[in-house]
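Novice: See start_3.cif below, with mmCIF, C-alpha atoms.
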data_start
loop_
_atom_site.label_atom_id
_atom_site.label_comp_id
_atom_site.auth_asym_id
_atom_site.auth_seq_id
_atom_site.Cartn_x
_atom_site.Cartn_y
_atom_site.Cartn_z
CA MET A 1 13.44 -9.52 18.59
CA HIS A 2 13.93 -6.58 20.98
CA ALA A 3 15.23 -3.90 18.61
CA PHE A 4 12.04 -1.86 19.05
CA ARG A 5 11.38 -2.44 22.73
CA HIS A 6 10.26 0.84 24.32
CA ARG A 7 10.74 2.68 21.01
CA THR A 8 7.90 4.67 19.50
CA VAL A 9 6.29 3.43 16.29
CA VAL A 10 3.36 5.29 14.69
CA VAL A 11 0.95 3.48 12.37
CA THR A 12 -1.82 5.20 10.42
CA GLY A 13 -4.81 3.13 9.37
CA ALA A 14 -4.11 1.11 12.51
CA SER A 15 -7.69 0.09 13.26
CA ALA A 16 -7.98 -2.69 10.66
CA GLY A 17 -6.31 -4.72 7.94
CA VAL A 18 -2.64 -4.23 7.13
CA GLY A 19 -2.24 -1.30 9.53
CA ARG A 20 -3.62 -3.30 12.42
CA ALA A 21 -1.41 -6.28 11.58
CA ILE A 22 1.67 -4.03 11.45
CA ALA A 23 0.82 -2.45 14.80
CA LEU A 24 0.43 -5.87 16.43
CA ARG A 25 3.69 -7.10 14.90
CA PHE A 26 5.56 -4.21 16.50
CA ALA A 27 3.65 -4.81 19.75
CA ARG A 28 5.12 -8.32 19.92
CA ALA A 29 8.54 -6.66 19.79
CA GLY A 30 7.66 -4.50 22.80
CA ALA A 31 7.23 -1.22 20.90
CA ARG A 32 5.36 1.82 22.10
CA LEU A 33 2.63 2.33 19.52
CA GLY A 34 1.00 5.50 18.33
CA LEU A 35 -2.27 4.33 16.76
CA ILE A 36 -3.93 6.65 14.24
CA ALA A 37 -7.28 6.06 12.52
CA ARG A 38 -10.75 7.61 12.58
CA ASP A 39 -12.58 5.16 14.86
CA ALA A 40 -11.58 5.68 18.50
CA ALA A 41 -13.40 2.58 19.74
CA ALA A 42 -11.68 0.35 17.20
CA LEU A 43 -8.30 1.83 18.14
CA GLU A 44 -8.97 1.06 21.79
CA GLU A 45 -9.49 -2.59 20.79
CA VAL A 46 -6.14 -2.56 18.99
CA LYS A 47 -4.51 -0.94 22.03
CA GLU A 48 -5.82 -3.69 24.32
CA GLU A 49 -4.62 -6.40 21.94
CA ALA A 50 -1.21 -4.74 21.60
CA GLU A 51 -0.80 -4.56 25.36
CA ARG A 52 -1.66 -8.25 25.71
CA LEU A 53 1.14 -8.97 23.22
CA GLY A 54 3.72 -7.03 25.23
CA GLY A 55 3.60 -3.56 23.73
CA SER A 56 2.06 -0.32 24.91
CA ALA A 57 -0.05 2.12 22.93
CA HIS A 58 -1.54 5.58 22.74
CA VAL A 59 -4.69 6.17 20.70
CA ALA A 60 -5.06 9.28 18.52
CA ALA A 61 -8.40 9.18 16.70
CA THR A 62 -7.62 11.25 13.60
CA ASP A 63 -8.69 11.57 9.98
CA VAL A 64 -5.40 11.61 8.04
CA ALA A 65 -7.00 13.85 5.41
CA ASP A 66 -6.81 16.64 8.02
CA ALA A 67 -3.17 17.76 8.03
CA ASP A 68 -3.40 19.84 11.21
CA ALA A 69 -5.02 16.95 13.05
CA VAL A 70 -2.20 14.59 11.95
CA PHE A 71 0.44 17.07 13.12
CA ALA A 72 -1.33 17.41 16.48
CA ALA A 73 -1.60 13.63 16.82
CA ALA A 74 2.13 13.24 16.18
CA ASP A 75 2.96 15.83 18.83
CA GLU A 76 0.62 14.15 21.30
CA ILE A 77 2.10 10.69 20.66
CA ALA A 78 5.66 11.97 21.07
CA ARG A 79 4.74 13.65 24.37
CA GLN A 80 3.11 10.49 25.68
CA LEU A 81 5.47 7.82 24.34
CA GLY A 82 8.77 9.47 23.50
CA PRO A 83 10.62 10.33 20.27
CA ILE A 84 9.10 8.84 17.13
CA GLU A 85 11.48 6.25 15.64
CA VAL A 86 9.29 4.65 12.95
CA TRP A 87 6.28 6.04 11.07
CA VAL A 88 4.16 3.76 8.85
CA ASN A 89 1.68 5.38 6.43
CA ASP A 90 -1.03 2.83 5.72
CA ALA A 91 -4.42 4.60 5.85
CA MET A 92 -6.48 4.17 2.68
CA VAL A 93 -9.97 4.18 1.19
CA THR A 94 -11.13 3.28 -2.29
CA VAL A 95 -14.12 3.18 -4.65
CA PHE A 96 -14.86 0.25 -6.97
CA ALA A 97 -16.39 1.70 -10.13
CA PRO A 98 -15.60 2.81 -13.67
CA VAL A 99 -14.33 6.38 -13.78
CA TRP A 100 -17.60 7.70 -15.23
CA LYS A 101 -19.53 6.36 -12.23
CA ILE A 102 -17.26 8.00 -9.62
CA THR A 103 -18.25 11.47 -8.46
CA PRO A 104 -15.67 14.25 -8.10
CA GLU A 105 -16.33 14.24 -4.35
CA GLU A 106 -15.58 10.51 -4.12
CA PHE A 107 -12.42 10.86 -6.18
CA ARG A 108 -11.28 13.75 -4.01
CA ARG A 109 -11.90 11.79 -0.83
CA VAL A 110 -9.86 8.78 -1.99
CA THR A 111 -7.03 11.12 -2.95
CA GLU A 112 -7.17 13.03 0.32
CA VAL A 113 -6.96 9.88 2.44
CA THR A 114 -4.84 7.48 0.38
CA TYR A 115 -2.36 9.99 -1.08
CA LEU A 116 -2.49 13.20 0.92
CA GLY A 117 -2.95 11.25 4.15
CA ALA A 118 0.45 9.67 3.53
CA VAL A 119 1.90 13.06 2.64
CA HIS A 120 0.55 14.54 5.89
CA GLY A 121 1.94 11.61 7.85
CA THR A 122 5.32 12.05 6.19
CA PHE A 123 5.34 15.78 7.03
CA ALA A 124 4.56 14.95 10.67
CA ALA A 125 7.23 12.25 10.81
CA LEU A 126 9.86 14.55 9.31
CA ALA A 127 9.03 17.29 11.79
CA HIS A 128 9.94 14.89 14.60
CA MET A 129 12.80 13.05 12.93
CA ARG A 130 14.79 15.81 11.24
CA PRO A 131 15.87 17.62 14.44
CA ARG A 132 17.38 14.31 15.66
CA ASN A 133 18.49 13.23 12.16
CA ARG A 134 17.21 9.70 12.67
CA GLY A 135 14.12 7.62 12.04
CA THR A 136 12.41 5.44 9.44
CA ILE A 137 9.36 6.24 7.31
CA ILE A 138 7.58 3.35 5.61
CA GLN A 139 5.04 4.03 2.86
CA ILE A 140 2.53 1.25 2.25
CA GLY A 141 2.18 1.31 -1.51
CA SER A 142 0.86 -1.16 -4.04
CA ALA A 143 1.73 -2.96 -7.25
CA LEU A 144 -0.96 -0.65 -8.62
CA ALA A 145 1.50 2.23 -8.16
CA TYR A 146 3.13 0.88 -11.33
CA ARG A 147 0.11 -0.44 -13.17
CA GLY A 148 -3.40 0.98 -12.95
CA ILE A 149 -6.29 -1.47 -13.23
CA PRO A 150 -9.98 -1.05 -14.08
CA LEU A 151 -12.49 -0.15 -11.35
CA GLN A 152 -9.90 1.44 -9.04
CA ALA A 153 -8.76 4.57 -10.87
CA ALA A 154 -8.87 6.78 -7.79
CA TYR A 155 -6.86 4.34 -5.68
CA CYS A 156 -4.37 3.62 -8.46
CA GLY A 157 -3.88 7.34 -9.04
CA ALA A 158 -3.22 7.88 -5.34
CA LYS A 159 -0.64 5.09 -5.20
CA HIS A 160 1.09 6.38 -8.35
CA ALA A 161 1.25 9.81 -6.70
CA LEU A 162 2.63 8.36 -3.46
CA ARG A 163 5.44 6.69 -5.36
CA GLY A 164 6.36 9.92 -7.14
CA PHE A 165 6.24 11.90 -3.91
CA THR A 166 8.40 9.34 -2.11
CA ASN A 167 11.04 9.30 -4.85
CA SER A 168 11.25 13.10 -4.81
CA LEU A 169 11.58 13.19 -1.03
CA ARG A 170 14.25 10.50 -1.07
CA SER A 171 16.46 12.58 -3.35
CA GLU A 172 15.94 15.61 -1.13
CA LEU A 173 16.97 13.63 1.96
CA ILE A 174 20.08 12.41 0.16
CA HIS A 175 20.91 15.97 -0.88
CA ALA A 176 20.52 17.09 2.73
CA LYS A 177 22.79 14.22 3.87
CA SER A 178 19.97 13.07 6.11
CA ALA A 179 20.19 9.81 8.05
CA ILE A 180 16.39 9.33 7.90
CA ASN A 181 15.41 6.11 6.13
CA LEU A 182 12.60 6.08 3.57
CA THR A 183 11.09 2.83 2.29
CA ILE A 184 8.12 2.18 0.02
CA MET A 185 6.50 -1.25 0.02
CA GLU A 186 4.52 -2.34 -3.05
CA LEU A 187 1.81 -4.79 -2.00
CA PRO A 188 -0.19 -7.51 -3.74
CA ALA A 189 -3.87 -8.23 -3.06
CA VAL A 190 -4.34 -8.66 0.70
CA ASN A 191 -7.18 -10.28 2.65
CA THR A 192 -8.40 -7.23 4.59
CA PRO A 193 -11.86 -5.89 5.48
CA GLN A 194 -11.65 -3.21 2.76
CA PHE A 195 -13.68 -5.42 0.42
CA ASP A 196 -16.51 -5.48 2.97
CA TRP A 197 -16.64 -1.74 3.50
CA ALA A 198 -15.17 0.00 0.45
CA ARG A 199 -17.65 2.03 -1.56
CA THR A 200 -18.74 0.31 -4.75
CA HIS A 201 -20.96 1.20 -7.69
CA MET A 202 -20.74 -2.29 -9.14
CA PRO A 203 -23.61 -4.80 -9.10
CA ARG A 204 -21.75 -7.48 -7.14
CA GLU A 205 -19.62 -7.42 -3.98
CA PRO A 206 -15.92 -6.57 -4.51
CA ARG A 207 -13.09 -8.99 -3.90
CA PRO A 208 -9.26 -9.02 -4.10
CA VAL A 209 -7.65 -10.15 -7.35
CA PRO A 210 -5.99 -13.56 -6.76
CA PRO A 211 -3.49 -14.56 -5.53
CA VAL A 212 -4.25 -13.16 -2.07
CA VAL A 213 -2.01 -12.95 1.00
CA GLU A 214 -2.84 -12.45 4.66
CA PRO A 215 -2.13 -9.09 6.37
CA GLU A 216 0.34 -10.70 8.76
CA ALA A 217 2.66 -11.53 5.86
CA ILE A 218 2.76 -7.84 5.00
CA ALA A 219 3.30 -6.96 8.66
CA ASP A 220 6.33 -9.24 8.87
CA ALA A 221 7.80 -7.59 5.76
CA ALA A 222 7.17 -4.13 7.22
CA PHE A 223 8.85 -5.12 10.48
CA ARG A 224 11.90 -6.38 8.59
CA ALA A 225 11.95 -3.19 6.53
CA ALA A 226 12.09 -1.18 9.75
CA LEU A 227 14.93 -3.35 11.03
CA HIS A 228 16.85 -3.25 7.75
CA PRO A 229 15.60 -0.27 5.71
CA ARG A 230 15.47 -0.67 1.94
CA ARG A 231 14.72 1.80 -0.81
CA GLU A 232 11.81 -0.28 -2.06
CA VAL A 233 10.27 -3.65 -1.30
CA TRP A 234 8.10 -5.66 -3.71
CA ILE A 235 5.88 -8.23 -2.01
CA GLY A 236 4.37 -11.26 -3.75
CA TRP A 237 4.96 -12.93 -7.09
CA SER A 238 1.92 -11.14 -8.47
CA THR A 239 3.51 -7.78 -7.67
CA LEU A 240 6.73 -8.74 -9.44
CA LYS A 241 4.81 -9.99 -12.47
CA VAL A 242 2.58 -6.92 -12.66
CA ILE A 243 5.45 -4.44 -12.38
CA LEU A 244 7.81 -6.24 -14.74
CA GLY A 245 5.01 -7.09 -17.15
CA ASN A 246 3.99 -3.46 -17.34
CA MET A 247 7.59 -2.46 -18.08
CA VAL A 248 7.79 -4.91 -20.96
CA LEU A 249 4.26 -5.16 -22.39
CA PRO A 250 2.07 -2.27 -21.19
CA ALA A 251 -0.26 -2.33 -24.21
CA PHE A 252 -0.80 -6.06 -23.81
CA LEU A 253 -1.74 -5.50 -20.15
CA ASP A 254 -4.21 -2.79 -21.19
CA ARG A 255 -6.14 -5.35 -23.19
CA TYR A 256 -5.63 -8.25 -20.81
CA LEU A 257 -6.96 -6.24 -17.87
CA ALA A 258 -9.89 -5.01 -19.94
CA ARG A 259 -10.86 -8.66 -20.43
CA ALA A 260 -10.00 -10.13 -17.05
CA ALA A 261 -9.88 -7.50 -14.30
CA PHE A 262 -13.59 -6.71 -14.08
CA GLU A 263 -14.75 -10.21 -13.22
CA ALA A 264 -11.65 -10.80 -11.07
CA GLN A 265 -12.70 -7.98 -8.74
CA GLU A 266 -16.28 -9.11 -8.16
CA THR A 267 -17.84 -12.03 -6.31
CA ARG A 268 -21.13 -13.59 -7.34
CA VAL A 269 -22.93 -11.97 -4.42
CA PRO A 270 -25.14 -8.98 -5.31
CA VAL A 271 -24.48 -5.75 -3.46
CA ALA A 272 -27.15 -5.27 -0.80
CA PRO A 273 -29.24 -2.08 -1.07
CA ASP A 274 -28.34 -1.13 2.51
CA ARG A 275 -24.58 -1.82 2.17
CA ARG A 276 -22.54 0.58 4.31
CA ASP A 277 -19.12 1.91 3.32
CA ASN A 278 -16.26 3.70 5.06
CA LEU A 279 -15.44 6.34 2.44
CA MET A 280 -16.69 9.29 4.47
CA THR A 281 -17.26 7.78 7.93
CA PRO A 282 -16.09 4.59 9.68
CA VAL A 283 -18.10 1.36 9.68
CA HIS A 284 -17.78 0.54 13.35
CA ASP A 285 -18.47 -3.20 13.47
CA LEU A 286 -16.14 -4.34 10.67
CA HIS A 287 -12.79 -3.41 12.20
CA ARG A 288 -10.59 -6.49 12.22
CA THR A 289 -7.26 -7.61 10.80
CA ARG A 290 -8.40 -10.17 8.22
CA GLY A 291 -11.16 -10.07 5.66
CA ARG A 292 -13.44 -12.89 4.49
CA PHE A 293 -11.14 -14.45 1.87
CA GLY A 294 -9.00 -16.47 4.26
CA SER A 295 -9.79 -19.76 2.53
CA GLU A 296 -7.70 -18.67 -0.46
CA ALA A 297 -5.14 -16.41 1.24
CA SER A 298 -1.53 -17.40 1.80
CA GLU A 299 0.16 -16.97 5.18
CA SER A 300 3.51 -16.15 3.55
CA THR A 301 4.79 -14.69 0.30
CA VAL A 302 7.96 -13.78 -1.55
CA VAL A 303 9.61 -10.47 -0.60
CA ALA A 304 12.00 -8.81 -3.04
CA PRO A 305 14.03 -6.18 -1.17
CA GLY A 306 16.01 -3.21 -2.44
CA PRO A 307 18.82 -4.73 -4.56
CA VAL A 308 16.50 -7.14 -6.39
CA ALA A 309 13.86 -4.46 -6.99
CA ARG A 310 16.49 -2.05 -8.30
CA LEU A 311 17.82 -4.65 -10.73
CA ALA A 312 14.36 -5.58 -11.99
CA PRO A 313 14.27 -2.85 -14.67
CA VAL A 314 17.60 -4.18 -15.98
CA PHE A 315 16.11 -7.64 -16.31
CA ALA A 316 13.01 -6.14 -17.92
CA GLY A 317 15.17 -4.24 -20.41
CA ALA A 318 17.10 -7.38 -21.23
CA LEU A 319 13.83 -9.20 -21.83
CA VAL A 320 12.70 -6.44 -24.19
CA LEU A 321 15.95 -6.65 -26.16
CA PHE A 322 15.68 -10.42 -26.28
CA SER A 323 12.10 -10.16 -27.54
CA LEU A 324 13.08 -7.62 -30.18
CA GLY A 325 15.91 -9.91 -31.23
CA LEU A 326 13.46 -12.73 -31.81
CA LEU A 327 11.27 -10.40 -33.84
CA ALA A 328 14.22 -9.24 -35.92
CA ARG A 329 15.05 -12.85 -36.78
CA GLY A 330 11.48 -13.59 -37.79
CA ARG A 331 10.23 -13.59 -41.35
CA HIS A 332 7.66 -10.87 -40.72
CA ARG A 333 9.63 -8.41 -38.65
CA PRO A 334 8.07 -4.93 -38.25
CA ARG A 335 9.26 -2.11 -40.49
CA TRP A 336 10.60 -0.16 -37.52
CA ILE A 337 13.20 -2.87 -36.83
CA ARG A 338 16.27 -2.44 -39.02
CA ARG A 339 19.25 -4.75 -39.26
CA ALA A 340 22.56 -3.03 -38.53
CA HIS A 341 25.16 -3.12 -41.33
#
Translate the structure described by the file into structure tokens.

Specialist:
Amino acid sequence: MHAFRHRTVVVTGASAGVGRAIALRFARAGARLGLIARDAAALEEVKEEAERLGGSAHVAATDVADADAVFAAADEIARQLGPIEVWVNDAMVTVFAPVWKITPEEFRRVTEVTYLGAVHGTFAALAHMRPRNRGTIIQIGSALAYRGIPLQAAYCGAKHALRGFTNSLRSELIHAKSAINLTIMELPAVNTPQFDWARTHMPREPRPVPPVVEPEAIADAAFRAALHPRREVWIGWSTLKVILGNMVLPAFLDRYLARAAFEAQETRVPVAPDRRDNLMTPVHDLHRTRGRFGSEASESTVVAPGPVARLAPVFAGALVLFSLGLLARGRHRPRWIRRAH
């Protein structure tokens, strides 16, 4: 696939996990990569790997929470590599803890990186794409943009915000008759290093909620989304079930997650007293593509692109009506259901 050969693709959060996998996927297509993350040494490793795969890269060590630094990085990448064709916003941090154990400073930091970092990246991308009226912006979202879960309130809030921001921007681009493509990808649990370096206030080490997929599966979906832009992409059966389930039975999910989601996000390994985390500063020796849950992670997963995702609420609504119909036929139907005469 040579569609991106010698074309400039920028990836934030490119030093590890999903961002690193996406950068390497574009490298195999011969792209020129703008690599953005905080750890310069880790980015140099990604650059070397990308060049071995057939791409080229420019490193811009930047904290995406700093808007001016992101704008400067975009300008520098465009000068070095040429016009920016694709921009992928992937950078994220999180905290595993109940809300009452998260400090305001921690909550602010998650928001500044995971939400505002994507906003800053989008601003930078638009500044380079709008004068040429072309380009593709891909937001790396989450199933948790539709359904918040316990222990990740800050992250869930940031992903909800990213979805709202993206939908607003999409309407504005349509109004402006812009040819810029805007896609948001809602991800399942992914086997990345975040569970080794995310801040936690829980007694045991964090883990992804099964089922888990490998970062390369997400990278392939992102590459296809850049080739054939969609409004929204849902990845993984768990994502489809979470989103549709929340549309149909949100109160049930409240209680189900209260019972199941705490234990599902912890291993049996106690958190070490000297555990380091990457909330405020990088953890230098943990930058890699995959995490430590490879034994249970799938190499591939279902991808539901635009048309299917757009029709999902229709199916969900039909399911609700069907469920209400069953209730109405039952002997003990609720008082708020009335038979039409």

Novice: Report as a CSV table (one decimal) with C-alpha atoms, keeping the file's coordinate frame the residues that result from applying the PyMOL selection byres ((chain A and resi 227) around 12) to the structure here.

Specialist:
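Listed below is the output, selection10.csv:
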chain,number,residue,atom,x,y,z
A,1,MET,CA,13.4,-9.5,18.6
A,2,HIS,CA,13.9,-6.6,21.0
A,3,ALA,CA,15.2,-3.9,18.6
A,4,PHE,CA,12.0,-1.9,19.0
A,26,PHE,CA,5.6,-4.2,16.5
A,29,ALA,CA,8.5,-6.7,19.8
A,85,GLU,CA,11.5,6.2,15.6
A,86,VAL,CA,9.3,4.6,13.0
A,135,GLY,CA,14.1,7.6,12.0
A,136,THR,CA,12.4,5.4,9.4
A,137,ILE,CA,9.4,6.2,7.3
A,138,ILE,CA,7.6,3.4,5.6
A,181,ASN,CA,15.4,6.1,6.1
A,183,THR,CA,11.1,2.8,2.3
A,220,ASP,CA,6.3,-9.2,8.9
A,221,ALA,CA,7.8,-7.6,5.8
A,222,ALA,CA,7.2,-4.1,7.2
A,223,PHE,CA,8.8,-5.1,10.5
A,224,ARG,CA,11.9,-6.4,8.6
A,225,ALA,CA,12.0,-3.2,6.5
A,226,ALA,CA,12.1,-1.2,9.8
A,228,HIS,CA,16.8,-3.2,7.8
A,229,PRO,CA,15.6,-0.3,5.7
A,230,ARG,CA,15.5,-0.7,1.9

Novice: Under the PyMOL selection byres ((chain A and resi 33) around 7), which residues of this model are included? Write them out as a PyMOL selection string.

Specialist: chain A and resi 8-10+23+31-32+34-35+56-58

Novice: Store the residues picked out above in a file with C-alpha atoms, as an mmCIF file, in the coordinates of the input.

Specialist:
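Contents of part17.cif, freshly written:
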data_model
loop_
_atom_site.group_PDB
_atom_site.id
_atom_site.type_symbol
_atom_site.label_atom_id
_atom_site.label_comp_id
_atom_site.auth_asym_id
_atom_site.auth_seq_id
_atom_site.Cartn_x
_atom_site.Cartn_y
_atom_site.Cartn_z
ATOM 1 C CA THR A 8 7.900 4.670 19.500
ATOM 2 C CA VAL A 9 6.290 3.430 16.290
ATOM 3 C CA VAL A 10 3.360 5.290 14.690
ATOM 4 C CA ALA A 23 0.820 -2.450 14.800
ATOM 5 C CA ALA A 31 7.230 -1.220 20.900
ATOM 6 C CA ARG A 32 5.360 1.820 22.100
ATOM 7 C CA GLY A 34 1.000 5.500 18.330
ATOM 8 C CA LEU A 35 -2.270 4.330 16.760
ATOM 9 C CA SER A 56 2.060 -0.320 24.910
ATOM 10 C CA ALA A 57 -0.050 2.120 22.930
ATOM 11 C CA HIS A 58 -1.540 5.580 22.740
#

Novice: Considering all atoms listed in the file, state which residue in the set A:Pro150, A:Gly157, A:Pro104, A:Pro188 is at the smallest distance from Ala260 of chain A.

Specialist: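 That would be A:Pro150, the residue with the smallest distance to Ala260 of chain A.
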
Novice: Would you compute the distance between atom CA of Ile243 of chain A and atom CA of Ala16 of chain A? Give it in Å to one decimal.

Specialist: 26.7 Å

Novice: Using only C-alpha atoms, which residues of segment 42-140 of chain A come within 9 Å of segment 276-285 of chain A, and what is the closest atom pair for each, with the distance in Å to one decimal? Give it as a Markdown table, sorted by chain and residue number.

Specialist:
| residue | atom | partner | partner_atom | distance |
| --- | --- | --- | --- | --- |
| A:Ala42 | CA | A:His284 | CA | 7.2 |
| A:Val93 | CA | A:Leu279 | CA | 6.0 |
| A:Thr94 | CA | A:Leu279 | CA | 7.1 |
| A:Val95 | CA | A:Leu279 | CA | 7.9 |
| A:Glu106 | CA | A:Leu279 | CA | 7.8 |
| A:Arg109 | CA | A:Leu279 | CA | 7.3 |
| A:Val110 | CA | A:Leu279 | CA | 7.5 |

Novice: Next, write the just-selected residues to a file, as a short mmCIF file (atom, residue, chain, number, x, y, z; two decimals), in the frame of the given file, keeping C-alpha atoms as the atom set.

Specialist:
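Done, and the output landed in part.cif:
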data_model
loop_
_atom_site.label_atom_id
_atom_site.label_comp_id
_atom_site.auth_asym_id
_atom_site.auth_seq_id
_atom_site.Cartn_x
_atom_site.Cartn_y
_atom_site.Cartn_z
CA ALA A 42 -11.68 0.35 17.20
CA VAL A 93 -9.97 4.18 1.19
CA THR A 94 -11.13 3.28 -2.29
CA VAL A 95 -14.12 3.18 -4.65
CA GLU A 106 -15.58 10.51 -4.12
CA ARG A 109 -11.90 11.79 -0.83
CA VAL A 110 -9.86 8.78 -1.99
#

Novice: Apply the PyMOL selection byres ((chain A and resi 120-129) around 8) to the displayed file and report the matching residues as a list in words.

Specialist: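 Expected selection for the PyMOL selection byres ((chain A and resi 120-129) around 8) here is Thr12, Val64, Ala65, Asp66, Ala67, Val70, Phe71, Ala74, Pro83, Ile84, Glu85, Trp87, Asn89, Leu116, Gly117, Ala118, Val119, Arg130, Pro131, Arg132, Asn133, Arg134, Gly135, Ile137 and Ile180 of chain A.
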
Novice: I need the residues from that last selection saved to file as a tab-separated table (two decimals), in the frame of the given file (with C-alpha atoms), if you can.

Specialist:
chain	number	residue	atom	x	y	z
A	12	THR	CA	-1.82	5.20	10.42
A	64	VAL	CA	-5.40	11.61	8.04
A	65	ALA	CA	-7.00	13.85	5.41
A	66	ASP	CA	-6.81	16.64	8.02
A	67	ALA	CA	-3.17	17.76	8.03
A	70	VAL	CA	-2.20	14.59	11.95
A	71	PHE	CA	0.44	17.07	13.12
A	74	ALA	CA	2.13	13.24	16.18
A	83	PRO	CA	10.62	10.33	20.27
A	84	ILE	CA	9.10	8.84	17.13
A	85	GLU	CA	11.48	6.25	15.64
A	87	TRP	CA	6.28	6.04	11.07
A	89	ASN	CA	1.68	5.38	6.43
A	116	LEU	CA	-2.49	13.20	0.92
A	117	GLY	CA	-2.95	11.25	4.15
A	118	ALA	CA	0.45	9.67	3.53
A	119	VAL	CA	1.90	13.06	2.64
A	130	ARG	CA	14.79	15.81	11.24
A	131	PRO	CA	15.87	17.62	14.44
A	132	ARG	CA	17.38	14.31	15.66
A	133	ASN	CA	18.49	13.23	12.16
A	134	ARG	CA	17.21	9.70	12.67
A	135	GLY	CA	14.12	7.62	12.04
A	137	ILE	CA	9.36	6.24	7.31
A	180	ILE	CA	16.39	9.33	7.90

Novice: Pick the closest to Gln265 of chain A from A:Ile174, A:Val212, A:Leu151, A:Val248: which is it, counting only C-alpha atoms?

Specialist: A:Leu151

Novice: Would you list the contacts of Pro203 of chain A as JSON, numbers by chain, taking every protein, DNA or RNA residue within 12 Å and counting only C-alpha atoms, but skipping same-chain residues closer than 6 positions in sequence?

Specialist: {"A": [96, 97, 98, 262, 263, 265, 266, 267, 268, 269, 270, 271, 272, 273, 275]}

Novice: My list of candidates is A:His287, A:Ser142, A:Thr192, A:Ala251. Which is closest to Ser238 of chain A when distances are computed with only C-alpha atoms?

Specialist: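 The answer is A:Ser142, which sits nearest to Ser238 of chain A.
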
Novice: Give me, please, the distance in Å between atom CA of Asp254 of chain A and atom CA of Trp237 of chain A, quoted to one decimal.

Specialist: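 For atom CA of Asp254 of chain A relative to atom CA of Trp237 of chain A, the distance reads 19.6 Å.
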
Novice: Hey, can you check how far atom CA of Val213 of chain A sits from atom CA of Ala297 of chain A?

Specialist: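 About the pair atom CA of Val213 of chain A and atom CA of Ala297 of chain A: they are 4.7 Å apart.
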
Novice: Could you give me the centre and size, in Å to one decimal, of an axis-aligned box around all listed atoms of segment 161-167 of chain A with 3 Å added on every side, as AutoDock Vina command-line options?

Specialist:
--center_x 6.1 --center_y 9.3 --center_z -4.6 --size_x 15.8 --size_y 11.2 --size_z 11.0

Novice: Rank nothing, just name the residue among A:Thr289, A:Val190, A:Arg28, A:Ile102 nearest to Gly55 of chain A, using all atoms listed in the file.

Specialist: A:Arg28

Novice: Considering all atoms listed in the file, state which residue in the set A:Leu257, A:Ile235, A:Ala158, A:Ile149 is at the smallest distance from Pro211 of chain A.

Specialist: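 Among A:Leu257, A:Ile235, A:Ala158, A:Ile149, it is A:Ile235 that comes nearest to Pro211 of chain A.
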